[in-house]
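Enquirer: The following block contains the structure, expressed as structure tokens.
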Amino acid sequence: MHTIPLTTARPGDIRGGIALIGQPNCGKSTLFNALTGLRQHVANYPGVTVEKKQGPMHLGDRRLNLVDLPGTYSLTAFSPEERVVRSFLLDSPPTLGIHVLDAAQLQRGLSLTFQLLEMGLPVICALNMSDVVRRQGHTLDPERLAELLGVPVVETVGRRGQGLDQLKREISGLLDGGRRVAARLPRYGALEPHIQAIMEMLPDSLKNRWMALRLLENDPEGKPLLLRHGLAPEPMEALLAEARSRRDRFQKDHDQDLADYVITMRDRHAHDLTSQCLNTGTGGQRVSWTERADRILLNRWLAPVFLLATIYVIYHTAIVQGYELTHYTWPLLAGIRNLAADWLPAAGFLHDPLSRSLGLWLLDSVNTLLNYVPIFLILFALIAMLEDSGYMARIAFILDRVLHRFGLHGQSTLPLILGGVFAGGCAVPGVMATRAIPDPRARLATILTVPYMNCLAKIPLYTLLIGIFFVDHKGLIMFFIATITIMVALLVAWLLTRTLLRPMETVPFVMEMPRYHLPTVRGVMRRALDRTWLYIKKVGTIVLAVAVVIFVLLNLPGLSTEEQAQFEQRAQTALNQFHDQIRDNPHGHLFQTPEQLMQALNLSNAYRARRMNMGTPEAVQSLDGRFEQADPVYFPFVRPGGGDRDVRAINRALRTLDQERRLLRMEMQETRIHNSLLGRAGRALEPLTQAAGFDWKINVALLSSFAARESAVATLGVLFQQEEGASQPLEERMGTAMGSTDGALVALALIVFFAIYPPCLATAIMVRVQTDSTGWMLFSIVFPAALGLLMASAVHSLGQAFMLDAIHMMIGFWVLILALLLMVGLWPRRMVRSGLATASPGGHTDGSP
Amino acid sequence: MSCAEPDQTLDQVQPGQSCRILRLTASGSIRQRLLDMGLLPGRRIQLVRLAPLGDPLEVRLDAGNSFVAIRRQEAFHITVTLEACTPSR
Ligand SMILES: Nc1nc2c(ncn2[C@@H]2O[C@H](COP(=O)(O)OP(=O)(O)OP(=O)(O)O)[C@@H](O)[C@H]2O)c(=O)[nH]1
Ligand SMILES: [Mg+2]
């Protein structure tokens with residue numbers, strides 16, 4: 001979002017901005033987008049906009065600054081959104097407020113209109129969602145309402161851009177000082193003399209009825225507000241004392257809470273106005289479309305069925321079909337890598353230029369990330385449809401009971417789905433989506449548990465381990481992984497809520513159920529693209545930065561001189577052997593100098609890398625043609641099984657040499673990692689991870705996967721390499737290296753650890769952003785690491801002690817966790833009815849704005 | 001839970017029943033939030049349904065135009081009187 005200063009200095013511009021104010025989900029952001037041409041996040045879900053956003057709006061030759069505010073029902077200071085809106089309106093008052101009203105809920109919205117008018121803010125009312133009113137068979141009379149309120153009233157349909165022209169005309173009119181009619185404010189009967197008295201004492205910048213009423217109502221933030229507006233401490237105390245005594249007097253005289261009295265008066269006035277300008281027709285109460293749909297979708301017995309079906313559809317479309325799509329996109333990415341491999345400085349026999357190894361390393365890291373883009377596009381589009389339709393709020397309604405039990409919130413569902421509850425997702429958008437959760441404590445608990453979900457990047461390691469140790473129990477293990485993560489997450493949420501998060505502020509669960517809307521194709525596409533792009537940008541930059549660091553940590557300080565000499569020696573032996581083999585070959589003169597040899601070897605590697613992407617014989621043929629053309633001299637020796645006897649002999653000798661070279665390079669890399677900083681850390685951690693059965697290699701892989709989880713498999717690949725190209729896949733290599741009986745148990749421990757593994761760096765940074773606290777970020781890393789290690793150690797040691805095989809151990813562990821979960825979930829709940837957290841506004845402890 | 005017993009809290013109302021809000025027994029942010037959502041003393045509301053697990057409740061207010069979900073915990077703070085005893089389905 002552009003940040004434009006509230007005041008622009010160009011001539012003809014106005015000071016201050018224009019603010020969009022209104023209750024949650026009434027269409028402010030939709031109007032904002034329509035008026036500015038920007039793309040603010042819009043969703044059929046209350047509480048989407050959390051901070052104020054601004055953008056430029058052109059009106060004739062005027063360039064105005066439009067501000068989109070979070071939704072608020074009123075201007076007390078009980079929720080963070082209200083605090084944002086209120087301090088904005090009071091401390092840097094806009095020139096003009098556009099009060100967006102949900103026309104279908106006029107009476108409720110008007111109460112906020114009155115408060116804005118009482119503040120002395122020039123207001124235009126936009127009766128948005130007027131299409132809904134019409135569909136209900138009702139008619140609204142905006143002129144009548146304008147007359148009654150004393151301010152301009154415009155009917156709009158934000159989604160279709162209707163009424164925008166008239167809205168702009170009214171804005172111009174007000175700015176030109178044209179038709180400004182005195183607003184008509186509600187009267188408060190017996191309270192009026194008190195309001196007048198308090199108003200006398202207010203400083204000029206706050207001299208309005210609203211402020212007087214707030215002080216009479218004992219606003220908890222009255223004091224700091226008055227101080228900010230330059231009132232000295234003594235007159236302030238006098239003012240507050242006066243308000244207090246008048247409040248007491250009024251409440252005693254009328255035997256009623258003053259705040260209640262004010263609200264009731266406003267409501268009565270709103271009712272009065274509504275009944276004068278809303279014609280509900282003769283048809284009486286029609287059952288709305290939304291209610292009819294909810295009778296089925298929220299039916300007690302059918303609701304779970306629809307919910308499961310929805311989750312299944314998301315899983316199937318995004319994850320299963322998305323994975324199918326990656327089969328088409330992966331060759332594209334691999335092609336880019338091959339191009340880069342050609343373009344970067346050529347590889348040497350033992351050592352590559354740094355630019356080459358680092359370049360390819362970075363490209364590989366980015367590719368693994370980009371590989372998920374199709375999945376995310378689909379996933380985000382489906383989620384956008386859920387949000388826009390209004391069903392997301394229903395999911396929150398259905399699941400709140402369960403989630404609340406463990407300290408989460410109905411609205412934790414979306415973050416958990418994005419994080420990948422059962423299937424695979426990404427914790428970064430998951431943590432981002434926690435913004436909509438209104439309850440600070442549940443929100444923090446959600447932020448801290450989303451990383452436990454099955455992020456897509458964890459899946460390659462699972463697949464690898466299953467492929468080695470649990471081929472016969474694939475489905476069972478996948479079920480284990482999917483269910484254990486959510487169970488552990490719920491238990492952790494429960495634990496945190498009862499301990500660390502206990503003192504935090506909570507707010508009651510009172511959620512508006514939005515009307516169902518048909519999602520628009522454009523809106524859904526745009527949001528899916530926006531979110532995917534955000535993911536690429538956020539995760540991409542972090543992954544790149546971290547990949548460099550990990551590269552350094554894995555390569556420094558490098559080989560010792562003796563090791564170096566030893567490898568050189570072995571390389572020389574291999575080369576000598578090659579030259580012996582081709583001594584009498586008529587083509588031998590082509591392979592004399594090291595440059596010639598490297599050309600042949602690099603060509604051979606480039607060919608093999610491309611050949612792997614080719615499916616059909618025709619494709620292979622055309623590939624051969626291209627290589628033939630590019631290098632007619634060496635290609636015949638590189639192509640397997642072609643040419644005469646002499647050519648084939650060289651081909652064989654080359655392949656032997658190539659294999660030897662790879663083996664050497666692999667061993668070198670392993671030695672280098674062993675010597676490296678990360679390798680040392682891995683070895684230093686061995687005593688700690690011993691109980692879980694992790695050796696230093698696994699430790700290194702786990703450490704490097706903190707940067708990006710994908711790299712776990714890549715690092716393991718290097719460390720368990722014996723002879724790449726010798727067609728022994730990583731699965732087998734790890735299998736033999738880890739031993740098969742204890743290996744399975746170690747693999748299970750590794751799976752358990754990886755499931756609970758701390759968030760990757762990108763997520764950790766997102767946690768920092770969302771909690772606005774480095775402490776919580778560190779906690780989100782340290783706590784799961786400790787918990788994961790504890791559980792992995794338990795699995796491994798218990799399995800060894802009781803001589804259980806991995807599958808039995810797994811089932812035992814699963815049953816144990818389930819039992820814990822049921823115990824916590826079904827524990828008879830003490831209904832603490834009266835002692836509910838009566839939060840002190842302002843004194844919120846979560847640190848989020 | 002019958003007509004003979006008119007004053008009760010909202011969490012005791014049966015689905016389908018309509019009632020009128022008498023008073024709110026909460027204070028602070030809970031009270032404010034309830035008032036903001038339109039749950040004012042004197043308003044007529046209807047308990048539309050319960051969530052599949054019995055909590056939260058869905059309430060219709062504002063003459064049928066707005067629906068609000070509310071946990072039992074919070075519904076307990078709303079004292080209501082039954083309007084008419086419609087048989088619950
Ligand atoms: N039928 C109808 N739907 C609308 C209209 N204007 C907006 N919407 C839809 O209403 C929903 C809410 O719109 P938003 O613009 O996100 O609302 P908001 O006021 O910014 O909401 P918060 O940021 O949560 O306060 C979206 O699904 C919009 O597509 C309208 O005039 N008619
Ligand atoms: Mg918004």
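Convention: chains lettered A, B, ... in structure tokens order; per-chain residue numbering from 1; ligands numbered from 1 as shown.
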What residues in chain A have any atom no more than 7 Å from chain B when counting only C-alpha atoms, and can you write them as a list of chain:residue names?
Expert: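 Therefore, the residues near the partner are A:Tyr73, A:Ser74, A:Phe78, A:Ala104, A:Gln105, A:Arg108, A:Arg300, A:Trp301, A:Ala303, A:Phe397, A:Ile398, A:Arg401, A:Val507, A:Pro508, A:Phe509, A:Val510, A:Met511, A:Glu512, A:Met513, A:Arg833, A:Thr838, A:Ala839.
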Enquirer: Write down as an NGL selection string the residues belonging to stretch 35-75 of chain B that are assigned helix (DSSP H, G or I) by DSSP computed on the backbone.
Expert: :B and (35-36 or 72-75)
Enquirer: Skipping near chain neighbours, those fewer than 3 positions away, what residues fall within 9 Å of A:Leu789 using only C-alpha atoms, listed as a PyMOL selection string?
Expert: chain A and resi 688-689+691-692+749+752-753+756-757+784-786+792-794
Enquirer: Any idea what's packed within 7 Å of A:Glu217, counting only C-alpha atoms, ignoring anything in its chain fewer than 3 positions away? Could you give it as an mmCIF file with C-alpha atoms, in the first residue's frame?
Expert:
data_model
loop_
_atom_site.group_PDB
_atom_site.id
_atom_site.type_symbol
_atom_site.label_atom_id
_atom_site.label_comp_id
_atom_site.auth_asym_id
_atom_site.auth_seq_id
_atom_site.Cartn_x
_atom_site.Cartn_y
_atom_site.Cartn_z
ATOM 1 C CA LEU A 213 -20.898 12.216 26.905
ATOM 2 C CA ARG A 214 -17.825 9.986 27.015
ATOM 3 C CA LEU A 258 -25.794 6.482 32.595
ATOM 4 C CA ALA A 259 -24.104 4.623 29.745
#
Enquirer: Residues within 9 Å of stretch 406-422 of chain A, please, as number ranges by chain. Count only C-alpha atoms; anything in the same chain fewer than 5 positions from it doesn't count.
Expert: A: 311, 315, 379-380, 383, 392-393, 395-401, 427-434, 436-439, 441-447, 449-456, 479, 481-483, 485-486, 490-498, 509, 824-825
Enquirer: Restricting the calculation to only C-alpha atoms and all ligand atoms, which member of A:Val521, A:Ile477, A:Val746, A:Leu559 is positioned closest to ligand 1?
Expert: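 Selected residue with least distance to ligand 1: A:Val521.
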Enquirer: To one decimal place in Å, what is the distance between atom CA of A:Asn651 and atom CA of A:Val638?
Expert: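 We find that atom CA of A:Asn651 and atom CA of A:Val638 lie 6.1 Å from each other.
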Enquirer: In Å, how far is it from atom CA of A:Arg610 to atom CA of A:Phe627?
Expert: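 So the two atoms, atom CA of A:Arg610 and atom CA of A:Phe627, lie 10.4 Å apart.
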Enquirer: Restricting the calculation to only C-alpha atoms and all ligand atoms, which member of A:Gly523, A:Gly335, A:Gly230, A:Gly150 is positioned closest to ligand 1?
Expert: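 Going through A:Gly523, A:Gly335, A:Gly230, A:Gly150 one by one, the smallest distance to ligand 1 is for A:Gly523.
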Enquirer: Which residue out of A:Phe469, A:Phe32, A:Phe637, A:Phe349 has the minimum interatomic distance to ligand 1 when only C-alpha atoms and all ligand atoms are used?
Expert: A:Phe32
Enquirer: Let's see if you can do this: from backbone DSSP, list all strand (DSSP E or B) residues in stretch 77-279 of chain A, as number ranges by chain.
Expert: A: 96-102, 123-128, 139-140, 153-155, 157, 162, 278-279
Enquirer: So that I can check the surroundings of B:Glu83, please list as a ChimeraX atom specification every protein, DNA and RNA residue that reaches within 7 Å of it, counting only C-alpha atoms and ignoring chain neighbours fewer than 2 positions away.
Expert: /B:18-20,81,85
Enquirer: With N, CA, C and O atoms retained, could you export that selection as a CSV table (one decimal), in the first residue's frame?
Expert:
chain,number,residue,atom,x,y,z
B,18,SER,N,-39.0,-17.0,20.8
B,18,SER,CA,-38.7,-15.5,20.8
B,18,SER,C,-38.7,-15.0,22.2
B,18,SER,O,-39.5,-15.5,23.0
B,19,CYS,N,-38.0,-13.9,22.4
B,19,CYS,CA,-38.0,-13.3,23.7
B,19,CYS,C,-37.7,-11.8,23.6
B,19,CYS,O,-37.2,-11.3,22.6
B,20,ARG,N,-37.8,-11.1,24.7
B,20,ARG,CA,-37.5,-9.7,24.8
B,20,ARG,C,-36.4,-9.6,25.8
B,20,ARG,O,-36.4,-10.2,26.9
B,81,THR,N,-37.2,-12.3,28.7
B,81,THR,CA,-38.5,-12.8,29.1
B,81,THR,C,-39.2,-13.4,27.8
B,81,THR,O,-39.1,-12.7,26.8
B,85,CYS,N,-44.9,-18.8,23.7
B,85,CYS,CA,-44.3,-20.1,23.8
B,85,CYS,C,-44.6,-20.9,22.5
B,85,CYS,O,-45.5,-21.6,22.4
Enquirer: Write out as a compact mmCIF listing (two decimals) with N, CA and C atoms, in the first residue's frame each polymer residue whose atoms come within 9 Å of A:Cys277, counting only C-alpha atoms; drop sequence neighbours fewer than 4 positions from it.
Expert:
# COMPACT_ATOMS: atom_id res chain seq x y z
N THR A 139 -38.15 -0.76 0.67
CA THR A 139 -37.68 0.44 0.00
C THR A 139 -37.17 1.43 1.03
N LEU A 140 -36.08 2.11 0.65
CA LEU A 140 -35.47 3.10 1.53
C LEU A 140 -35.67 4.46 0.90
N ASP A 141 -35.81 5.46 1.72
CA ASP A 141 -35.96 6.81 1.20
C ASP A 141 -34.76 7.65 1.64
N PRO A 142 -33.72 7.70 0.82
CA PRO A 142 -32.51 8.40 1.24
C PRO A 142 -32.73 9.89 1.46
N GLU A 143 -33.62 10.50 0.65
CA GLU A 143 -33.85 11.94 0.83
C GLU A 143 -34.43 12.24 2.21
N ARG A 144 -35.38 11.39 2.56
CA ARG A 144 -36.00 11.56 3.88
C ARG A 144 -34.96 11.43 4.99
N LEU A 145 -34.10 10.44 4.84
CA LEU A 145 -33.07 10.23 5.86
C LEU A 145 -32.12 11.43 5.91
N LEU A 273 -35.92 7.20 13.32
CA LEU A 273 -35.53 7.59 11.96
C LEU A 273 -35.78 6.45 10.99
